[in-house]
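Q: Sharing work-v7.pdb (PDB, C-alpha atoms) below.
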ATOM      1  CA  MET A   1     -27.717 -12.843  21.484
ATOM      2  CA  GLU A   2     -24.762 -13.184  23.803
ATOM      3  CA  LYS A   3     -22.103 -10.537  23.525
ATOM      4  CA  TRP A   4     -18.378 -10.925  23.906
ATOM      5  CA  ASN A   5     -15.273  -8.822  23.617
ATOM      6  CA  GLU A   6     -12.798 -10.685  25.790
ATOM      7  CA  THR A   7      -9.233 -10.836  24.532
ATOM      8  CA  SER A   8      -9.123 -14.629  25.054
ATOM      9  CA  ASN A   9     -11.780 -15.364  22.419
ATOM     10  CA  GLY A  10     -10.267 -13.916  19.295
ATOM     11  CA  PHE A  11     -11.729 -14.174  15.803
ATOM     12  CA  ILE A  12     -12.002 -16.708  13.005
ATOM     13  CA  LEU A  13     -10.662 -15.808   9.562
ATOM     14  CA  LEU A  14     -12.393 -17.557   6.691
ATOM     15  CA  ARG A  15      -9.905 -18.857   4.162
ATOM     16  CA  LEU A  16      -9.231 -17.311   0.785
ATOM     17  CA  PHE A  17      -9.474 -20.753  -0.838
ATOM     18  CA  PRO A  18     -10.492 -24.265   0.322
ATOM     19  CA  GLN A  19      -8.046 -26.571   2.067
ATOM     20  CA  THR A  20      -7.616 -28.895  -0.922
ATOM     21  CA  HIS A  21      -4.799 -29.745  -3.314
ATOM     22  CA  THR A  22      -5.920 -26.838  -5.515
ATOM     23  CA  GLY A  23      -5.899 -24.565  -2.493
ATOM     24  CA  LEU A  24      -2.387 -25.734  -1.607
ATOM     25  CA  LEU A  25      -1.171 -24.919  -5.130
ATOM     26  CA  LEU A  26      -2.721 -21.462  -4.889
ATOM     27  CA  LEU A  27      -1.067 -20.952  -1.509
ATOM     28  CA  LEU A  28       2.309 -21.945  -2.963
ATOM     29  CA  LEU A  29       1.759 -19.437  -5.761
ATOM     30  CA  ILE A  30       0.994 -16.713  -3.223
ATOM     31  CA  MET A  31       4.080 -17.649  -1.217
ATOM     32  CA  VAL A  32       6.201 -17.285  -4.379
ATOM     33  CA  VAL A  33       4.670 -13.829  -4.867
ATOM     34  CA  PHE A  34       5.390 -13.048  -1.207
ATOM     35  CA  VAL A  35       9.056 -14.024  -1.587
ATOM     36  CA  LEU A  36       9.395 -11.983  -4.801
ATOM     37  CA  ALA A  37       7.752  -8.970  -3.148
ATOM     38  CA  SER A  38       9.960  -9.268  -0.051
ATOM     39  CA  VAL A  39      13.170  -9.629  -2.060
ATOM     40  CA  GLY A  40      12.197  -6.911  -4.544
ATOM     41  CA  ASN A  41      11.233  -4.294  -1.954
ATOM     42  CA  SER A  42      14.121  -5.140   0.393
ATOM     43  CA  GLY A  43      16.498  -4.949  -2.566
ATOM     44  CA  MET A  44      15.112  -1.578  -3.623
ATOM     45  CA  ILE A  45      15.591  -0.177  -0.114
ATOM     46  CA  ALA A  46      19.153  -1.526   0.090
ATOM     47  CA  LEU A  47      19.967  -0.248  -3.395
ATOM     48  CA  ILE A  48      18.851   3.284  -2.551
ATOM     49  CA  LEU A  49      20.808   3.257   0.710
ATOM     50  CA  LEU A  50      24.018   1.877  -0.842
ATOM     51  CA  ASP A  51      24.220   3.922  -4.058
ATOM     52  CA  PRO A  52      25.075   7.616  -3.450
ATOM     53  CA  ARG A  53      23.664   8.570  -6.875
ATOM     54  CA  LEU A  54      20.220   7.599  -5.639
ATOM     55  CA  HIS A  55      20.426   9.817  -2.550
ATOM     56  CA  SER A  56      17.810  12.263  -3.783
ATOM     57  CA  PRO A  57      14.263  13.084  -2.584
ATOM     58  CA  MET A  58      12.704  11.065  -5.402
ATOM     59  CA  TYR A  59      14.469   7.863  -4.382
ATOM     60  CA  PHE A  60      14.162   8.451  -0.646
ATOM     61  CA  LEU A  61      10.387   8.624  -1.190
ATOM     62  CA  LEU A  62      10.602   5.482  -3.316
ATOM     63  CA  SER A  63      12.438   3.682  -0.498
ATOM     64  CA  GLN A  64       9.532   4.532   1.832
ATOM     65  CA  LEU A  65       7.064   3.176  -0.713
ATOM     66  CA  SER A  66       9.068  -0.066  -0.826
ATOM     67  CA  LEU A  67       9.149  -0.232   2.988
ATOM     68  CA  MET A  68       5.378   0.238   3.132
ATOM     69  CA  ASP A  69       4.818  -2.467   0.515
ATOM     70  CA  LEU A  70       7.084  -4.807   2.463
ATOM     71  CA  LEU A  71       5.132  -4.260   5.700
ATOM     72  CA  TYR A  72       1.877  -4.352   3.761
ATOM     73  CA  ILE A  73       2.285  -7.874   2.413
ATOM     74  CA  SER A  74       3.952  -9.074   5.635
ATOM     75  CA  SER A  75       0.889  -8.093   7.674
ATOM     76  CA  THR A  76      -1.453 -10.513   5.875
ATOM     77  CA  VAL A  77       0.265 -13.358   3.986
ATOM     78  CA  PRO A  78       2.266 -15.068   6.809
ATOM     79  CA  LYS A  79      -0.821 -15.436   9.036
ATOM     80  CA  MET A  80      -2.933 -16.642   6.122
ATOM     81  CA  ALA A  81      -0.291 -19.226   5.201
ATOM     82  CA  SER A  82       0.227 -20.458   8.777
ATOM     83  CA  ASN A  83      -3.534 -20.890   9.299
ATOM     84  CA  PHE A  84      -3.866 -22.833   6.042
ATOM     85  CA  LEU A  85      -0.926 -25.157   6.742
ATOM     86  CA  SER A  86      -1.951 -25.776  10.358
ATOM     87  CA  GLY A  87      -5.608 -26.320   9.477
ATOM     88  CA  GLN A  88      -6.682 -23.526  11.820
ATOM     89  CA  LYS A  89      -8.714 -20.412  11.165
ATOM     90  CA  SER A  90      -8.269 -18.511  14.415
ATOM     91  CA  ILE A  91      -6.518 -15.238  15.146
ATOM     92  CA  SER A  92      -6.204 -13.796  18.640
ATOM     93  CA  PHE A  93      -7.945 -10.586  19.654
ATOM     94  CA  LEU A  94      -4.571  -8.824  19.998
ATOM     95  CA  GLY A  95      -3.269 -10.349  16.772
ATOM     96  CA  CYS A  96      -6.322  -9.089  14.903
ATOM     97  CA  GLY A  97      -5.738  -5.600  16.283
ATOM     98  CA  VAL A  98      -2.053  -5.623  15.305
ATOM     99  CA  GLN A  99      -2.861  -6.883  11.812
ATOM    100  CA  SER A 100      -5.590  -4.291  11.340
ATOM    101  CA  PHE A 101      -3.341  -1.479  12.593
ATOM    102  CA  PHE A 102      -0.466  -2.282  10.237
ATOM    103  CA  PHE A 103      -2.754  -2.831   7.263
ATOM    104  CA  LEU A 104      -4.607   0.463   7.762
ATOM    105  CA  THR A 105      -1.383   2.361   8.460
ATOM    106  CA  MET A 106       0.219   1.178   5.221
ATOM    107  CA  ALA A 107      -2.969   1.788   3.249
ATOM    108  CA  GLY A 108      -3.251   5.408   4.416
ATOM    109  CA  SER A 109       0.464   6.244   4.401
ATOM    110  CA  GLU A 110       1.076   4.843   0.921
ATOM    111  CA  GLY A 111      -1.456   7.199  -0.653
ATOM    112  CA  LEU A 112       0.271  10.167   0.977
ATOM    113  CA  ILE A 113       3.707   8.960  -0.168
ATOM    114  CA  LEU A 114       2.430   8.612  -3.738
ATOM    115  CA  ALA A 115       1.120  12.192  -3.536
ATOM    116  CA  SER A 116       4.535  13.341  -2.269
ATOM    117  CA  MET A 117       6.230  11.552  -5.172
ATOM    118  CA  ALA A 118       3.870  13.268  -7.613
ATOM    119  CA  TYR A 119       4.727  16.654  -6.094
ATOM    120  CA  ASP A 120       8.425  15.828  -6.369
ATOM    121  CA  ARG A 121       8.091  15.150 -10.111
ATOM    122  CA  PHE A 122       6.000  18.302 -10.549
ATOM    123  CA  VAL A 123       8.695  20.484  -8.986
ATOM    124  CA  ALA A 124      11.533  18.677 -10.804
ATOM    125  CA  ILE A 125       9.950  19.103 -14.247
ATOM    126  CA  CYS A 126       7.942  22.320 -13.969
ATOM    127  CA  HIS A 127      10.240  24.272 -11.596
ATOM    128  CA  PRO A 128      13.715  22.722 -11.943
ATOM    129  CA  LEU A 129      15.549  25.843 -10.743
ATOM    130  CA  HIS A 130      13.540  25.851  -7.505
ATOM    131  CA  TYR A 131      13.896  22.095  -6.914
ATOM    132  CA  PRO A 132      16.744  22.296  -4.334
ATOM    133  CA  ILE A 133      14.605  24.670  -2.251
ATOM    134  CA  ARG A 134      11.132  23.164  -2.683
ATOM    135  CA  MET A 135      12.363  19.590  -2.277
ATOM    136  CA  SER A 136      15.203  19.979   0.195
ATOM    137  CA  LYS A 137      16.134  17.120   2.526
ATOM    138  CA  VAL A 138      14.242  18.796   5.367
ATOM    139  CA  ILE A 139      11.033  19.022   3.328
ATOM    140  CA  CYS A 140      11.479  15.438   2.134
ATOM    141  CA  VAL A 141      11.847  14.196   5.720
ATOM    142  CA  LYS A 142       8.743  16.182   6.742
ATOM    143  CA  MET A 143       6.761  14.550   3.920
ATOM    144  CA  ILE A 144       7.886  11.094   5.003
ATOM    145  CA  LEU A 145       7.210  11.673   8.704
ATOM    146  CA  GLY A 146       3.863  13.299   7.900
ATOM    147  CA  SER A 147       2.771  10.314   5.810
ATOM    148  CA  TRP A 148       3.679   7.808   8.518
ATOM    149  CA  THR A 149       2.193   9.920  11.330
ATOM    150  CA  LEU A 150      -1.158  10.634   9.653
ATOM    151  CA  GLY A 151      -1.498   7.041   8.500
ATOM    152  CA  SER A 152      -0.726   5.729  12.005
ATOM    153  CA  ILE A 153      -3.146   8.095  13.768
ATOM    154  CA  ASN A 154      -5.970   7.241  11.385
ATOM    155  CA  SER A 155      -5.222   3.526  11.712
ATOM    156  CA  LEU A 156      -5.033   3.630  15.510
ATOM    157  CA  ALA A 157      -8.391   5.410  15.777
ATOM    158  CA  HIS A 158     -10.174   2.856  13.560
ATOM    159  CA  THR A 159      -8.483  -0.163  15.122
ATOM    160  CA  VAL A 160      -9.216   0.866  18.721
ATOM    161  CA  TYR A 161     -12.842   1.694  17.924
ATOM    162  CA  ALA A 162     -13.413  -1.542  15.991
ATOM    163  CA  LEU A 163     -11.948  -3.691  18.770
ATOM    164  CA  HIS A 164     -14.078  -1.962  21.404
ATOM    165  CA  LEU A 165     -17.338  -2.839  19.661
ATOM    166  CA  PRO A 166     -19.410  -5.560  21.358
ATOM    167  CA  TYR A 167     -19.271  -8.627  19.102
ATOM    168  CA  CYS A 168     -21.717 -11.500  19.027
ATOM    169  CA  ARG A 169     -21.016 -15.228  19.158
ATOM    170  CA  SER A 170     -20.574 -15.313  15.397
ATOM    171  CA  ARG A 171     -16.850 -14.544  15.296
ATOM    172  CA  ALA A 172     -16.160 -15.537  11.690
ATOM    173  CA  ILE A 173     -14.713 -12.635   9.677
ATOM    174  CA  ASN A 174     -15.507 -13.283   6.027
ATOM    175  CA  HIS A 175     -12.010 -12.281   4.900
ATOM    176  CA  PHE A 176      -8.458 -13.623   5.005
ATOM    177  CA  PHE A 177      -7.274 -10.801   7.291
ATOM    178  CA  CYS A 178      -8.777  -8.467   9.890
ATOM    179  CA  ASP A 179     -10.315  -5.829   7.648
ATOM    180  CA  VAL A 180     -12.459  -3.397   9.658
ATOM    181  CA  PRO A 181     -15.387  -3.235   7.165
ATOM    182  CA  ALA A 182     -15.537  -7.057   7.218
ATOM    183  CA  MET A 183     -15.645  -7.012  11.032
ATOM    184  CA  LEU A 184     -18.545  -4.569  11.369
ATOM    185  CA  PRO A 185     -21.325  -7.045  10.391
ATOM    186  CA  LEU A 186     -20.345  -9.121  13.441
ATOM    187  CA  ALA A 187     -21.084  -6.306  15.891
ATOM    188  CA  CYS A 188     -24.129  -6.551  18.158
ATOM    189  CA  VAL A 189     -24.888  -2.832  17.806
ATOM    190  CA  ASP A 190     -25.931  -0.628  14.931
ATOM    191  CA  THR A 191     -22.718   0.630  13.293
ATOM    192  CA  TRP A 192     -24.128   2.909  10.588
ATOM    193  CA  VAL A 193     -22.612   6.036  12.166
ATOM    194  CA  TYR A 194     -19.180   4.438  12.309
ATOM    195  CA  GLU A 195     -19.560   3.064   8.781
ATOM    196  CA  TYR A 196     -20.234   6.610   7.642
ATOM    197  CA  MET A 197     -17.065   7.772   9.431
ATOM    198  CA  VAL A 198     -15.105   4.975   7.727
ATOM    199  CA  PHE A 199     -16.435   6.204   4.394
ATOM    200  CA  VAL A 200     -15.452   9.812   5.192
ATOM    201  CA  SER A 201     -11.999   8.792   6.437
ATOM    202  CA  THR A 202     -11.381   6.610   3.398
ATOM    203  CA  SER A 203     -12.525   9.392   1.108
ATOM    204  CA  LEU A 204     -10.100  11.827   2.711
ATOM    205  CA  PHE A 205      -7.136   9.445   2.544
ATOM    206  CA  LEU A 206      -7.936   8.401  -1.017
ATOM    207  CA  LEU A 207      -9.506  11.379  -2.755
ATOM    208  CA  VAL A 208      -7.424  14.240  -1.319
ATOM    209  CA  PRO A 209      -4.059  12.668  -2.283
ATOM    210  CA  PHE A 210      -5.577  11.580  -5.606
ATOM    211  CA  LEU A 211      -6.597  15.159  -6.391
ATOM    212  CA  GLY A 212      -3.058  16.287  -5.549
ATOM    213  CA  ILE A 213      -1.597  13.567  -7.780
ATOM    214  CA  THR A 214      -3.954  14.462 -10.627
ATOM    215  CA  ALA A 215      -3.136  18.170 -10.379
ATOM    216  CA  SER A 216       0.624  17.501 -10.227
ATOM    217  CA  TYR A 217       0.735  15.149 -13.187
ATOM    218  CA  GLY A 218      -1.670  17.308 -15.150
ATOM    219  CA  ARG A 219       0.829  20.160 -14.928
ATOM    220  CA  VAL A 220       3.715  17.774 -15.609
ATOM    221  CA  LEU A 221       2.157  16.339 -18.766
ATOM    222  CA  PHE A 222       1.380  19.841 -20.015
ATOM    223  CA  ALA A 223       5.021  20.820 -19.487
ATOM    224  CA  VAL A 224       6.304  17.586 -21.074
ATOM    225  CA  PHE A 225       4.339  18.113 -24.272
ATOM    226  CA  HIS A 226       5.844  21.590 -24.615
ATOM    227  CA  MET A 227       9.449  20.457 -24.188
ATOM    228  CA  ARG A 228      11.692  21.078 -27.169
ATOM    229  CA  SER A 229      14.182  18.333 -26.344
ATOM    230  CA  LYS A 230      12.941  14.917 -27.464
ATOM    231  CA  GLU A 231      15.303  13.177 -25.045
ATOM    232  CA  GLY A 232      14.079  15.300 -22.131
ATOM    233  CA  ARG A 233      10.477  14.691 -23.149
ATOM    234  CA  ARG A 234      11.046  10.934 -23.375
ATOM    235  CA  LYS A 235      12.796  10.752 -19.981
ATOM    236  CA  ALA A 236      10.135  12.847 -18.237
ATOM    237  CA  PHE A 237       7.298  10.880 -19.824
ATOM    238  CA  THR A 238       8.891   7.533 -18.870
ATOM    239  CA  THR A 239       9.303   8.613 -15.239
ATOM    240  CA  CYS A 240       5.760   9.956 -14.992
ATOM    241  CA  SER A 241       4.180   6.965 -16.716
ATOM    242  CA  THR A 242       5.937   4.692 -14.222
ATOM    243  CA  HIS A 243       4.508   6.653 -11.289
ATOM    244  CA  LEU A 244       1.042   6.759 -12.855
ATOM    245  CA  THR A 245       1.076   2.979 -13.337
ATOM    246  CA  VAL A 246       1.810   2.474  -9.632
ATOM    247  CA  VAL A 247      -0.863   5.047  -8.692
ATOM    248  CA  THR A 248      -3.431   3.197 -10.817
ATOM    249  CA  PHE A 249      -2.582  -0.137  -9.191
ATOM    250  CA  TYR A 250      -3.005   1.463  -5.762
ATOM    251  CA  TYR A 251      -6.166   3.517  -6.245
ATOM    252  CA  ALA A 252      -8.333   1.449  -8.601
ATOM    253  CA  PRO A 253      -9.029  -1.526  -6.284
ATOM    254  CA  PHE A 254      -9.214   0.642  -3.140
ATOM    255  CA  VAL A 255     -11.769   3.043  -4.626
ATOM    256  CA  TYR A 256     -13.865   0.196  -6.023
ATOM    257  CA  THR A 257     -13.765  -1.709  -2.729
ATOM    258  CA  TYR A 258     -14.174   0.933  -0.037
ATOM    259  CA  LEU A 259     -16.120   3.766  -1.670
ATOM    260  CA  ARG A 260     -19.075   1.640  -2.744
ATOM    261  CA  PRO A 261     -22.217   1.370  -0.592
ATOM    262  CA  ARG A 262     -22.285  -1.697   1.643
ATOM    263  CA  SER A 263     -25.348  -3.004  -0.203
ATOM    264  CA  LEU A 264     -23.361  -3.253  -3.442
ATOM    265  CA  ARG A 265     -20.400  -5.087  -1.933
ATOM    266  CA  SER A 266     -19.926  -8.842  -1.653
ATOM    267  CA  PRO A 267     -17.385 -10.633   0.582
ATOM    268  CA  THR A 268     -16.147 -12.790  -2.304
ATOM    269  CA  GLU A 269     -15.479  -9.777  -4.508
ATOM    270  CA  ASP A 270     -13.816  -7.886  -1.654
ATOM    271  CA  LYS A 271     -11.459 -10.799  -0.967
ATOM    272  CA  SER A 272     -10.547 -11.112  -4.636
ATOM    273  CA  LEU A 273      -9.733  -7.399  -4.882
ATOM    274  CA  ALA A 274      -7.798  -7.569  -1.597
ATOM    275  CA  VAL A 275      -5.486 -10.156  -3.162
ATOM    276  CA  PHE A 276      -4.603  -7.570  -5.801
ATOM    277  CA  TYR A 277      -3.770  -4.618  -3.533
ATOM    278  CA  THR A 278      -2.317  -6.551  -0.569
ATOM    279  CA  ILE A 279      -0.330  -9.231  -2.424
ATOM    280  CA  LEU A 280       0.156  -8.506  -6.137
ATOM    281  CA  THR A 281       0.763  -4.732  -6.018
ATOM    282  CA  PRO A 282       3.645  -4.962  -3.472
ATOM    283  CA  MET A 283       5.328  -7.415  -5.854
ATOM    284  CA  LEU A 284       4.706  -5.340  -8.996
ATOM    285  CA  ASN A 285       5.894  -1.961  -7.671
ATOM    286  CA  PRO A 286       9.652  -2.737  -7.432
ATOM    287  CA  ILE A 287       9.503  -4.512 -10.796
ATOM    288  CA  ILE A 288       7.897  -1.484 -12.457
ATOM    289  CA  TYR A 289      10.393   0.951 -10.952
ATOM    290  CA  SER A 290      13.433  -1.191 -11.742
ATOM    291  CA  LEU A 291      12.588  -2.201 -15.309
ATOM    292  CA  ARG A 292      11.533   1.258 -16.451
ATOM    293  CA  ASN A 293      14.166   3.348 -14.708
ATOM    294  CA  LYS A 294      17.676   3.512 -16.174
ATOM    295  CA  GLU A 295      19.071   5.087 -12.996
ATOM    296  CA  VAL A 296      17.857   2.148 -10.905
ATOM    297  CA  LEU A 297      19.225  -0.360 -13.433
ATOM    298  CA  GLY A 298      22.550   1.483 -13.429
ATOM    299  CA  ALA A 299      22.625   1.469  -9.633
ATOM    300  CA  MET A 300      22.047  -2.298  -9.659
ATOM    301  CA  GLY A 301      25.122  -2.736 -11.820
ATOM    302  CA  ARG A 302      27.237  -0.489  -9.600
ATOM    303  CA  VAL A 303      26.135  -2.130  -6.346
ATOM    304  CA  CYS A 304      26.639  -5.628  -7.760
ATOM    305  CA  GLY A 305      30.120  -4.522  -8.851
ATOM    306  CA  MET A 306      30.885  -3.448  -5.281
ATOM    307  CA  PHE A 307      30.318  -6.965  -3.981
ATOM    308  CA  SER A 308      31.710  -8.952  -6.892
ATOM    309  CA  PRO A 309      35.284 -10.284  -6.461
ATOM    310  CA  ARG A 310      37.847  -8.195  -8.290
ATOM    311  CA  LYS A 311      40.375  -9.784 -10.613
ATOM    312  CA  THR A 312      43.988  -9.301  -9.603
TER     313      THR A 312
END
Please re-express this file's structure in structure tokens.
A:
Amino acid sequence: MEKWNETSNGFILLRLFPQTHTGLLLLLLIMVVFVLASVGNSGMIALILLDPRLHSPMYFLLSQLSLMDLLYISSTVPKMASNFLSGQKSISFLGCGVQSFFFLTMAGSEGLILASMAYDRFVAICHPLHYPIRMSKVICVKMILGSWTLGSINSLAHTVYALHLPYCRSRAINHFFCDVPAMLPLACVDTWVYEYMVFVSTSLFLLVPFLGITASYGRVLFAVFHMRSKEGRRKAFTTCSTHLTVVTFYYAPFVYTYLRPRSLRSPTEDKSLAVFYTILTPMLNPIIYSLRNKEVLGAMGRVCGMFSPRKT
């Protein structure tokens, strides 16, 4: 079988749905979700930057989560939409690499940010007197830079390796974006060693932060149940339940998709789950944090008041 890996060839992305009237309606629905996710995450970032009361480690970490979600959905939906509307399925070799890099970077970095947010709530609730020291601005910046750096390094390694594999004439990736596991079956060489490394890497970026999140919230819930103040207990529980909801939306589809053996996975199921964590979750996160957080709702009112015309 003839091999190829020239940058001029590129890949073919199989569509998420057929190019019919039903497919067009589904695309319009996804574009509405994309707009809502873009506006919601951009608004959350702007809100945190503009309102001084939200200038705390918790909300700085939340702004990074919103930025990651914004880049996350922007790395897949625009290309999928343009291919559908133009009737094409192709993506260039370089474009596939860029898409894969951004997707993997956001996927890895977001787990680390969620772990940092869990640690922030653990210190705030279990060690409130030590909070200014344990979660100083310097430590918060280190957490943010560490999340982006580790996610980028991991993503770069996988993207470069995947693009250097010799691919056969069958260039059709059975996915709506360049997902490395979906690209491996197209390789002309045995990739079981690399697939094992993908499994190990995914396990590290998913399970290690998840263990940290579980330990942090386990201690938090124990402390919450022993609080004497009902108001303090309610506020702490509301904040933690919000974070845990976002964590569940992030981890559940990723674990089910990437930590299963290849023999138990199907392209159709993988694409359906990918819609959830690449399109729906970025839209849901800002909604969850805004509707269940009185400080965010209050900041919305204050920021809107800043730009509303004052009566003379």
Q: On this structure, the PyMOL selection byres ((chain A and resi 180) around 12) would catch which residues? List them as a PyMOL selection string, sorted by chain and number.
A: chain A and resi 96-97+99-101+103-104+155-165+173-179+181-187+191+194-195+198-199+202+258
Q: Do you know which residues the PyMOL selection byres ((chain A and resi 203) around 12) returns on this file, as a PDB file with C-alpha atoms, in the frame of the given file?
A:
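And here is the file that came out, selection_26.pdb:
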ATOM      1  CA  GLY A 108      -3.251   5.408   4.416  1.00  0.00           C
ATOM      2  CA  GLY A 111      -1.456   7.199  -0.653  1.00  0.00           C
ATOM      3  CA  TYR A 196     -20.234   6.610   7.642  1.00  0.00           C
ATOM      4  CA  MET A 197     -17.065   7.772   9.431  1.00  0.00           C
ATOM      5  CA  VAL A 198     -15.105   4.975   7.727  1.00  0.00           C
ATOM      6  CA  PHE A 199     -16.435   6.204   4.394  1.00  0.00           C
ATOM      7  CA  VAL A 200     -15.452   9.812   5.192  1.00  0.00           C
ATOM      8  CA  SER A 201     -11.999   8.792   6.437  1.00  0.00           C
ATOM      9  CA  THR A 202     -11.381   6.610   3.398  1.00  0.00           C
ATOM     10  CA  LEU A 204     -10.100  11.827   2.711  1.00  0.00           C
ATOM     11  CA  PHE A 205      -7.136   9.445   2.544  1.00  0.00           C
ATOM     12  CA  LEU A 206      -7.936   8.401  -1.017  1.00  0.00           C
ATOM     13  CA  LEU A 207      -9.506  11.379  -2.755  1.00  0.00           C
ATOM     14  CA  VAL A 208      -7.424  14.240  -1.319  1.00  0.00           C
ATOM     15  CA  PRO A 209      -4.059  12.668  -2.283  1.00  0.00           C
ATOM     16  CA  PHE A 210      -5.577  11.580  -5.606  1.00  0.00           C
ATOM     17  CA  LEU A 211      -6.597  15.159  -6.391  1.00  0.00           C
ATOM     18  CA  TYR A 251      -6.166   3.517  -6.245  1.00  0.00           C
ATOM     19  CA  PHE A 254      -9.214   0.642  -3.140  1.00  0.00           C
ATOM     20  CA  VAL A 255     -11.769   3.043  -4.626  1.00  0.00           C
ATOM     21  CA  TYR A 256     -13.865   0.196  -6.023  1.00  0.00           C
ATOM     22  CA  THR A 257     -13.765  -1.709  -2.729  1.00  0.00           C
ATOM     23  CA  TYR A 258     -14.174   0.933  -0.037  1.00  0.00           C
ATOM     24  CA  LEU A 259     -16.120   3.766  -1.670  1.00  0.00           C
ATOM     25  CA  ARG A 260     -19.075   1.640  -2.744  1.00  0.00           C
TER      26      ARG A 260
END
Q: When you count all atoms listed in the file, which of these residues is closest to Arg233 in chain A: A:Ser74, A:Val220, A:Asp69, A:Leu129?
A: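 Once distances to Arg233 in chain A are computed over all atoms listed in the file, the minimum belongs to A:Val220.
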Q: For Tyr59 in chain A, which residue out of A:Ser266, A:Thr76, A:Thr248, A:Ser290 is the nearest one, using only C-alpha atoms?
A: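 Under the stated criterion, the closest residue is A:Ser290.
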Q: On this structure, the PyMOL selection byres ((chain A and resi 119) around 12) would catch which residues? List them as a VMD selection string, sorted by chain and number.
A: chain A and resid 57 to 58 61 112 to 118 120 to 127 131 134 to 135 139 to 140 143 209 to 220 240 243
Q: Find the residues with any atom within 12 Å of (0.8, -10.2, 0.8); use all atoms listed in the file and the coordinates as given in the file, and write the answer as a VMD selection string.
A: chain A and resid 27 29 to 38 68 to 81 103 176 to 177 274 to 284
Q: Please determine, counting only C-alpha atoms, which residue among A:Phe84, A:Phe17, A:Phe249, A:Trp148 has the shortest atom-to-atom distance to Ser109 in chain A.
A: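 Checking each candidate against Ser109 in chain A, we get A:Trp148 as the closest.
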Q: At a cut-off of 8 Å, using all atoms listed in the file, what residues contact Ser42 in chain A? Leave out same-chain residues fewer than 3 positions from it and give the result as a list in words.
A: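 Returned residues: Ser38, Val39, Ile45, Ala46, Ser66, Leu67 and Leu70 of chain A.
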Q: Using only C-alpha atoms, which residue out of A:Gln64, A:Asn41, A:Thr20, A:Ser92 lies closest to Pro286 in chain A?
A: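 So, comparing all the options, the nearest one is A:Asn41.
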Q: So the first atom is CA of Gly23 in chain A and the second is CA of Gln88 in chain A; what is the distance between them in Å, to one decimal place?
A: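 The value is 14.4 Å.
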Q: Measure the distance from CA of Thr105 in chain A to CA of Tyr250 in chain A in Å and round it to one decimal.
A: 14.3 Å
Q: Between CA of Phe225 in chain A and CA of Thr239 in chain A, what is the distance in Å, rounded to a tenth?
A: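 So the answer is 14.0 Å.
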Q: How big is the axis-aligned box around all listed atoms of range 58-70 of chain A once 3 Å goes on each side, and where's its centre, in Å to one decimal, as JSON?
A:
{"center_x": 9.6, "center_y": 3.1, "center_z": -1.1, "size_x": 15.7, "size_y": 21.9, "size_z": 14.5}
Q: Which one is closest to Leu47 in chain A: A:Tyr167, A:Ile12, A:Leu297, A:Val189? Count only C-alpha atoms.
A: A:Leu297
Q: When you look at His55 in chain A with a cut-off of 10 Å (counting all atoms listed in the file), what residues show up, excluding the ones that are within fewer than 6 positions of it in the same chain? I need them as a PDB file with C-alpha atoms, in the coordinates of the input.
A:
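File written: out04.pdb
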ATOM      1  CA  ILE A  48      18.851   3.284  -2.551  1.00  0.00           C
ATOM      2  CA  LEU A  49      20.808   3.257   0.710  1.00  0.00           C
ATOM      3  CA  LYS A 137      16.134  17.120   2.526  1.00  0.00           C
TER       4      LYS A 137
END
Q: Find, counting all atoms listed in the file, the residue in A:Met227, A:Ala236, A:Ile153, A:Ile91 that gets nearest to Leu13 in chain A.
A: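 Selected residue with least distance to Leu13 in chain A: A:Ile91.
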